[in-house]
Amino acid sequence: MVFGLKIKNVLFILLGAAIFAFGLVHFNMQNNLAEGGVTGITLLLYFLFGIDPSLTNLLLNIPLFFIGWKLLGRHSFFYTMIGTVSLSLFLWIFQHYAIKMPLKHDLTLAALFAGVFVGIGLGIIFRYGGTTGGVDIIARLLYKYRGISMGKTMFAFDAVVITLSLLYLSYREAMYTLVAVFIGARVIDFMQEGGYAAKGATIISEKSEEIASKILTEMERGVTVLKGRGSYTKRERDVLYCVVAKNELPRLKNVIISADPHAFVAVTDVHDVLGEGFTLDENKQPIQND
């Protein structure tokens, strides 16, 4: 660790910034597509006045650095500095050593590529504690203190900036820009929540002990017993809660039905599962994924 920063986090933030910058230069700038947030403002200044985005990205973010320092803490502030400076650096590099891939004849493909690259790049940066400045700081603060999705915050702010971008965009290009921004927001949320999705099952049954025993022995999955009371019957009963991998859900249903065909089961999506059986083995050691 350097100044309390994790080298792994720094490396992934640099990777995310490189992916983000590559997408901006090769799909947004080459195909006259806008972007949201402060990045969108830098593109607006580039297309209207020819000002280098790598420069304006730094200048516009200086005031927000102080907000980041006060509200995000020292580590997040340094990660933000790394993300913002590295984004400007990679923007400069890719502009001077660009690969020509004009897709103006197929703006659908250009918008898809732009959204995916921006979403993956920012998603990696966010997941490892950084931002690239601008609205990313605001989005991270709202996520930290209000639990509001980063992707939703950025999409709302982006809509305002894209409206201003109509100063140089055609309506056709503006619509494809919205497609790219929407895809980017969804990819960011996907990266934040984790690519791995499990299923959580809430089970109410007269045979809760038998069901719990079958899940433990036949599936080797843990079960949590909660205490519940029926609102209508006023009877107290056990409520089971179990988390399984997505592909184990059919097997879980069969186990429950075999014990009690009349059991009430509610299944929900579970994102970013941590703990034994998912990220830890039976000895409480991290599972190494090859």
# chains A, B, ... in the order shown; residues from 1 in each chain; ligands from 1
call {"tool": "residues_around", "arguments": {"residues": "Ile183 (chain A)", "least_positions_apart": "2", "cutoff": "10 Å", "atoms": "only C-alpha atoms", "output": "list in words"}}
result
Ala111, Leu112, Phe113, Ala114, Gly115, Val116, Phe117, Val118, Gly119, Gly151, Phe155, Thr177, Leu178, Val179, Ala180, Val181, Ala185, Arg186, Val187 and Ile188 of chain A
call {"tool": "closest_atom_pairs", "arguments": {"of": "region 113-172 of chain A", "to": "region 76-98 of chain A", "cutoff": "12 Å", "atoms": "only C-alpha atoms", "output": "JSON lines"}}
result
{"residue": "A:Val118", "atom": "CA", "partner": "A:Leu87", "partner_atom": "CA", "distance": 11.7}
{"residue": "A:Gly121", "atom": "CA", "partner": "A:Leu87", "partner_atom": "CA", "distance": 10.2}
{"residue": "A:Leu122", "atom": "CA", "partner": "A:Gly83", "partner_atom": "CA", "distance": 9.5}
{"residue": "A:Ile124", "atom": "CA", "partner": "A:Gly83", "partner_atom": "CA", "distance": 10.7}
{"residue": "A:Ile125", "atom": "CA", "partner": "A:Gly83", "partner_atom": "CA", "distance": 7.2}
{"residue": "A:Phe126", "atom": "CA", "partner": "A:Thr80", "partner_atom": "CA", "distance": 9.6}
{"residue": "A:Arg127", "atom": "CA", "partner": "A:Tyr79", "partner_atom": "CA", "distance": 11.4}
{"residue": "A:Tyr128", "atom": "CA", "partner": "A:Tyr79", "partner_atom": "CA", "distance": 8.7}
{"residue": "A:Gly129", "atom": "CA", "partner": "A:Ser76", "partner_atom": "CA", "distance": 6.3}
{"residue": "A:Gly130", "atom": "CA", "partner": "A:Tyr79", "partner_atom": "CA", "distance": 4.7}
{"residue": "A:Thr131", "atom": "CA", "partner": "A:Thr80", "partner_atom": "CA", "distance": 4.8}
{"residue": "A:Thr132", "atom": "CA", "partner": "A:Thr84", "partner_atom": "CA", "distance": 4.3}
{"residue": "A:Gly133", "atom": "CA", "partner": "A:Thr84", "partner_atom": "CA", "distance": 5.7}
{"residue": "A:Gly134", "atom": "CA", "partner": "A:Thr84", "partner_atom": "CA", "distance": 8.8}
{"residue": "A:Val135", "atom": "CA", "partner": "A:Thr84", "partner_atom": "CA", "distance": 11.7}
{"residue": "A:Asp136", "atom": "CA", "partner": "A:Thr80", "partner_atom": "CA", "distance": 9.2}
{"residue": "A:Ile137", "atom": "CA", "partner": "A:Thr80", "partner_atom": "CA", "distance": 8.1}
{"residue": "A:Ile138", "atom": "CA", "partner": "A:Thr80", "partner_atom": "CA", "distance": 11.9}
{"residue": "A:Arg140", "atom": "CA", "partner": "A:Ser76", "partner_atom": "CA", "distance": 10.0}
{"residue": "A:Leu141", "atom": "CA", "partner": "A:Ser76", "partner_atom": "CA", "distance": 10.7}
{"residue": "A:Lys144", "atom": "CA", "partner": "A:Ser76", "partner_atom": "CA", "distance": 11.6}
call {"tool": "select_by_dssp", "arguments": {"residues": "region 199-270 of chain A", "states": "helix (DSSP H, G or I)", "output": "list in words"}}
result
Ser208, Glu209, Glu210, Ile211, Ala212, Ser213, Lys214, Ile215, Leu216, Thr217, Glu218, Met219, Lys246, Asn247, Glu248, Leu249, Pro250, Arg251, Leu252, Lys253, Asn254, Val255, Ile256, Ile257, Ser258 and Ala259 of chain A
call {"tool": "write_last_selection", "arguments": {"atoms": "N, CA, C and O atoms", "output": "mmCIF file, in the first residue's frame"}}
result
data_model
loop_
_atom_site.group_PDB
_atom_site.id
_atom_site.type_symbol
_atom_site.label_atom_id
_atom_site.label_comp_id
_atom_site.auth_asym_id
_atom_site.auth_seq_id
_atom_site.Cartn_x
_atom_site.Cartn_y
_atom_site.Cartn_z
ATOM 1 N N SER A 208 -41.106 -26.955 8.169
ATOM 2 C CA SER A 208 -39.896 -26.155 7.989
ATOM 3 C C SER A 208 -38.638 -26.905 8.426
ATOM 4 O O SER A 208 -37.591 -26.796 7.794
ATOM 5 N N GLU A 209 -38.733 -27.677 9.504
ATOM 6 C CA GLU A 209 -37.552 -28.420 9.974
ATOM 7 C C GLU A 209 -37.115 -29.457 8.952
ATOM 8 O O GLU A 209 -35.915 -29.630 8.698
ATOM 9 N N GLU A 210 -38.077 -30.161 8.365
ATOM 10 C CA GLU A 210 -37.739 -31.182 7.357
ATOM 11 C C GLU A 210 -37.131 -30.538 6.111
ATOM 12 O O GLU A 210 -36.151 -31.047 5.548
ATOM 13 N N ILE A 211 -37.691 -29.414 5.690
ATOM 14 C CA ILE A 211 -37.165 -28.714 4.513
ATOM 15 C C ILE A 211 -35.749 -28.221 4.780
ATOM 16 O O ILE A 211 -34.842 -28.393 3.953
ATOM 17 N N ALA A 212 -35.521 -27.631 5.955
ATOM 18 C CA ALA A 212 -34.194 -27.128 6.304
ATOM 19 C C ALA A 212 -33.172 -28.254 6.321
ATOM 20 O O ALA A 212 -32.045 -28.114 5.839
ATOM 21 N N SER A 213 -33.579 -29.393 6.869
ATOM 22 C CA SER A 213 -32.675 -30.546 6.942
ATOM 23 C C SER A 213 -32.307 -31.048 5.549
ATOM 24 O O SER A 213 -31.144 -31.368 5.269
ATOM 25 N N LYS A 214 -33.290 -31.090 4.640
ATOM 26 C CA LYS A 214 -33.039 -31.550 3.276
ATOM 27 C C LYS A 214 -32.104 -30.588 2.527
ATOM 28 O O LYS A 214 -31.210 -31.013 1.787
ATOM 29 N N ILE A 215 -32.304 -29.305 2.728
ATOM 30 C CA ILE A 215 -31.438 -28.324 2.056
ATOM 31 C C ILE A 215 -30.006 -28.462 2.560
ATOM 32 O O ILE A 215 -29.047 -28.414 1.777
ATOM 33 N N LEU A 216 -29.854 -28.658 3.857
ATOM 34 C CA LEU A 216 -28.519 -28.795 4.441
ATOM 35 C C LEU A 216 -27.815 -30.053 3.967
ATOM 36 O O LEU A 216 -26.623 -30.030 3.637
ATOM 37 N N THR A 217 -28.534 -31.184 3.938
ATOM 38 C CA THR A 217 -27.895 -32.468 3.614
ATOM 39 C C THR A 217 -27.809 -32.722 2.113
ATOM 40 O O THR A 217 -26.796 -33.220 1.621
ATOM 41 N N GLU A 218 -28.849 -32.383 1.364
ATOM 42 C CA GLU A 218 -28.879 -32.706 -0.062
ATOM 43 C C GLU A 218 -28.216 -31.639 -0.941
ATOM 44 O O GLU A 218 -27.683 -31.958 -1.995
ATOM 45 N N MET A 219 -28.276 -30.395 -0.492
ATOM 46 C CA MET A 219 -27.701 -29.316 -1.301
ATOM 47 C C MET A 219 -26.464 -28.696 -0.665
ATOM 48 O O MET A 219 -25.754 -27.930 -1.312
ATOM 49 N N LYS A 246 -27.870 -19.381 -9.013
ATOM 50 C CA LYS A 246 -29.004 -19.319 -9.931
ATOM 51 C C LYS A 246 -29.342 -20.674 -10.542
ATOM 52 O O LYS A 246 -30.510 -21.029 -10.670
ATOM 53 N N ASN A 247 -28.295 -21.429 -10.892
ATOM 54 C CA ASN A 247 -28.555 -22.728 -11.526
ATOM 55 C C ASN A 247 -29.012 -23.793 -10.535
ATOM 56 O O ASN A 247 -29.378 -24.897 -10.929
ATOM 57 N N GLU A 248 -28.977 -23.478 -9.220
ATOM 58 C CA GLU A 248 -29.438 -24.434 -8.205
ATOM 59 C C GLU A 248 -30.907 -24.247 -7.853
ATOM 60 O O GLU A 248 -31.464 -25.041 -7.094
ATOM 61 N N LEU A 249 -31.526 -23.195 -8.398
ATOM 62 C CA LEU A 249 -32.912 -22.904 -8.021
ATOM 63 C C LEU A 249 -33.885 -24.042 -8.346
ATOM 64 O O LEU A 249 -34.712 -24.388 -7.494
ATOM 65 N N PRO A 250 -33.841 -24.643 -9.552
ATOM 66 C CA PRO A 250 -34.760 -25.764 -9.807
ATOM 67 C C PRO A 250 -34.600 -26.905 -8.798
ATOM 68 O O PRO A 250 -35.594 -27.497 -8.358
ATOM 69 N N ARG A 251 -33.358 -27.191 -8.432
ATOM 70 C CA ARG A 251 -33.111 -28.256 -7.458
ATOM 71 C C ARG A 251 -33.689 -27.881 -6.094
ATOM 72 O O ARG A 251 -34.264 -28.717 -5.401
ATOM 73 N N LEU A 252 -33.533 -26.602 -5.698
ATOM 74 C CA LEU A 252 -34.094 -26.149 -4.425
ATOM 75 C C LEU A 252 -35.612 -26.311 -4.410
ATOM 76 O O LEU A 252 -36.199 -26.772 -3.415
ATOM 77 N N LYS A 253 -36.256 -25.950 -5.516
ATOM 78 C CA LYS A 253 -37.712 -26.094 -5.589
ATOM 79 C C LYS A 253 -38.129 -27.558 -5.441
ATOM 80 O O LYS A 253 -39.110 -27.869 -4.745
ATOM 81 N N ASN A 254 -37.376 -28.455 -6.073
ATOM 82 C CA ASN A 254 -37.703 -29.875 -5.973
ATOM 83 C C ASN A 254 -37.544 -30.383 -4.546
ATOM 84 O O ASN A 254 -38.350 -31.197 -4.069
ATOM 85 N N VAL A 255 -36.506 -29.911 -3.862
ATOM 86 C CA VAL A 255 -36.282 -30.311 -2.473
ATOM 87 C C VAL A 255 -37.440 -29.846 -1.597
ATOM 88 O O VAL A 255 -37.942 -30.590 -0.747
ATOM 89 N N ILE A 256 -37.877 -28.610 -1.813
ATOM 90 C CA ILE A 256 -38.983 -28.072 -1.010
ATOM 91 C C ILE A 256 -40.267 -28.826 -1.280
ATOM 92 O O ILE A 256 -40.977 -29.239 -0.348
ATOM 93 N N ILE A 257 -40.568 -29.067 -2.565
ATOM 94 C CA ILE A 257 -41.811 -29.755 -2.936
ATOM 95 C C ILE A 257 -41.821 -31.186 -2.424
ATOM 96 O O ILE A 257 -42.866 -31.711 -2.009
ATOM 97 N N SER A 258 -40.664 -31.844 -2.434
ATOM 98 C CA SER A 258 -40.600 -33.224 -1.953
ATOM 99 C C SER A 258 -40.949 -33.325 -0.465
ATOM 100 O O SER A 258 -41.462 -34.356 -0.005
ATOM 101 N N ALA A 259 -40.671 -32.252 0.284
ATOM 102 C CA ALA A 259 -40.987 -32.262 1.719
ATOM 103 C C ALA A 259 -42.386 -31.725 1.988
ATOM 104 O O ALA A 259 -43.091 -32.215 2.867
#
call {"tool": "closest_residue", "arguments": {"among": "A:Cys242, A:Ile203, A:Ile13, A:Leu109", "to": "His262 (chain A)", "atoms": "only C-alpha atoms"}}
result
A:Ile203
call {"tool": "select_by_dssp", "arguments": {"residues": "region 3-234 of chain A", "states": "strand (DSSP E or B)", "output": "list of chain:residue names"}}
result
A:Leu5, A:Ala197, A:Ala198, A:Lys199, A:Gly200, A:Ala201, A:Thr202, A:Ile203, A:Ile204, A:Thr224, A:Val225, A:Leu226, A:Lys227, A:Gly228, A:Arg229
call {"tool": "write_last_selection", "arguments": {"atoms": "N, CA and C atoms", "output": "compact mmCIF listing (two decimals), in the first residue's frame"}}
result
# COMPACT_ATOMS: atom_id res chain seq x y z
N LEU A 5 -3.22 3.57 0.02
CA LEU A 5 -3.96 3.14 -1.17
C LEU A 5 -3.54 1.72 -1.56
N ALA A 197 -25.21 -13.35 -10.12
CA ALA A 197 -26.53 -13.20 -9.50
C ALA A 197 -26.95 -14.52 -8.89
N ALA A 198 -27.37 -14.46 -7.62
CA ALA A 198 -27.89 -15.64 -6.94
C ALA A 198 -29.38 -15.46 -6.74
N LYS A 199 -30.01 -16.43 -6.11
CA LYS A 199 -31.43 -16.37 -5.82
C LYS A 199 -31.64 -16.57 -4.32
N GLY A 200 -32.49 -15.74 -3.76
CA GLY A 200 -32.84 -15.88 -2.35
C GLY A 200 -34.26 -16.42 -2.25
N ALA A 201 -34.47 -17.43 -1.41
CA ALA A 201 -35.79 -18.04 -1.26
C ALA A 201 -36.28 -17.88 0.17
N THR A 202 -37.47 -17.33 0.31
CA THR A 202 -38.15 -17.26 1.61
C THR A 202 -39.21 -18.35 1.61
N ILE A 203 -39.13 -19.23 2.60
CA ILE A 203 -39.98 -20.44 2.61
C ILE A 203 -40.82 -20.47 3.88
N ILE A 204 -42.15 -20.62 3.72
CA ILE A 204 -43.06 -20.74 4.86
C ILE A 204 -43.78 -22.08 4.71
N THR A 224 -31.25 -20.09 7.13
CA THR A 224 -31.48 -19.24 8.32
C THR A 224 -32.94 -19.37 8.72
N VAL A 225 -33.18 -19.62 10.02
CA VAL A 225 -34.53 -19.75 10.54
C VAL A 225 -34.94 -18.44 11.20
N LEU A 226 -35.98 -17.83 10.68
CA LEU A 226 -36.52 -16.59 11.22
C LEU A 226 -37.84 -16.86 11.90
N LYS A 227 -38.19 -16.05 12.86
CA LYS A 227 -39.46 -16.20 13.54
C LYS A 227 -40.50 -15.28 12.91
N GLY A 228 -41.66 -15.85 12.56
CA GLY A 228 -42.72 -15.08 11.94
C GLY A 228 -44.06 -15.35 12.58
N ARG A 229 -45.03 -14.48 12.31
CA ARG A 229 -46.38 -14.66 12.82
C ARG A 229 -47.38 -14.30 11.75
call {"tool": "closest_residue", "arguments": {"among": "A:Glu206, A:Glu220, A:Glu35, A:Asp260", "to": "Arg235 (chain A)", "atoms": "only C-alpha atoms"}}
result
A:Glu206
call {"tool": "closest_atom_pairs", "arguments": {"of": "region 147-220 of chain A", "to": "region 48-61 of chain A", "cutoff": "12 Å", "atoms": "only C-alpha atoms", "output": "CSV"}}
result
residue,atom,partner,partner_atom,distance
A:Leu164,CA,A:Leu48,CA,11.6
A:Ser165,CA,A:Leu48,CA,9.6
A:Leu166,CA,A:Leu48,CA,11.0
A:Leu167,CA,A:Leu48,CA,8.3
A:Tyr168,CA,A:Leu48,CA,6.9
A:Leu169,CA,A:Leu48,CA,10.3
call {"tool": "closest_residue", "arguments": {"among": "A:Asp269, A:Phe65, A:Gly36, A:Ile99", "to": "Thr153 (chain A)", "atoms": "only C-alpha atoms"}}
result
A:Gly36
call {"tool": "closest_residue", "arguments": {"among": "A:Leu103, A:Ala17, A:Ala34, A:Val267", "to": "Ser170 (chain A)", "atoms": "only C-alpha atoms"}}
result
A:Ala34
call {"tool": "atom_distance", "arguments": {"atom1": "CA of Ile162 (chain A)", "atom2": "CA of Phe27 (chain A)"}}
result
16.1 Å
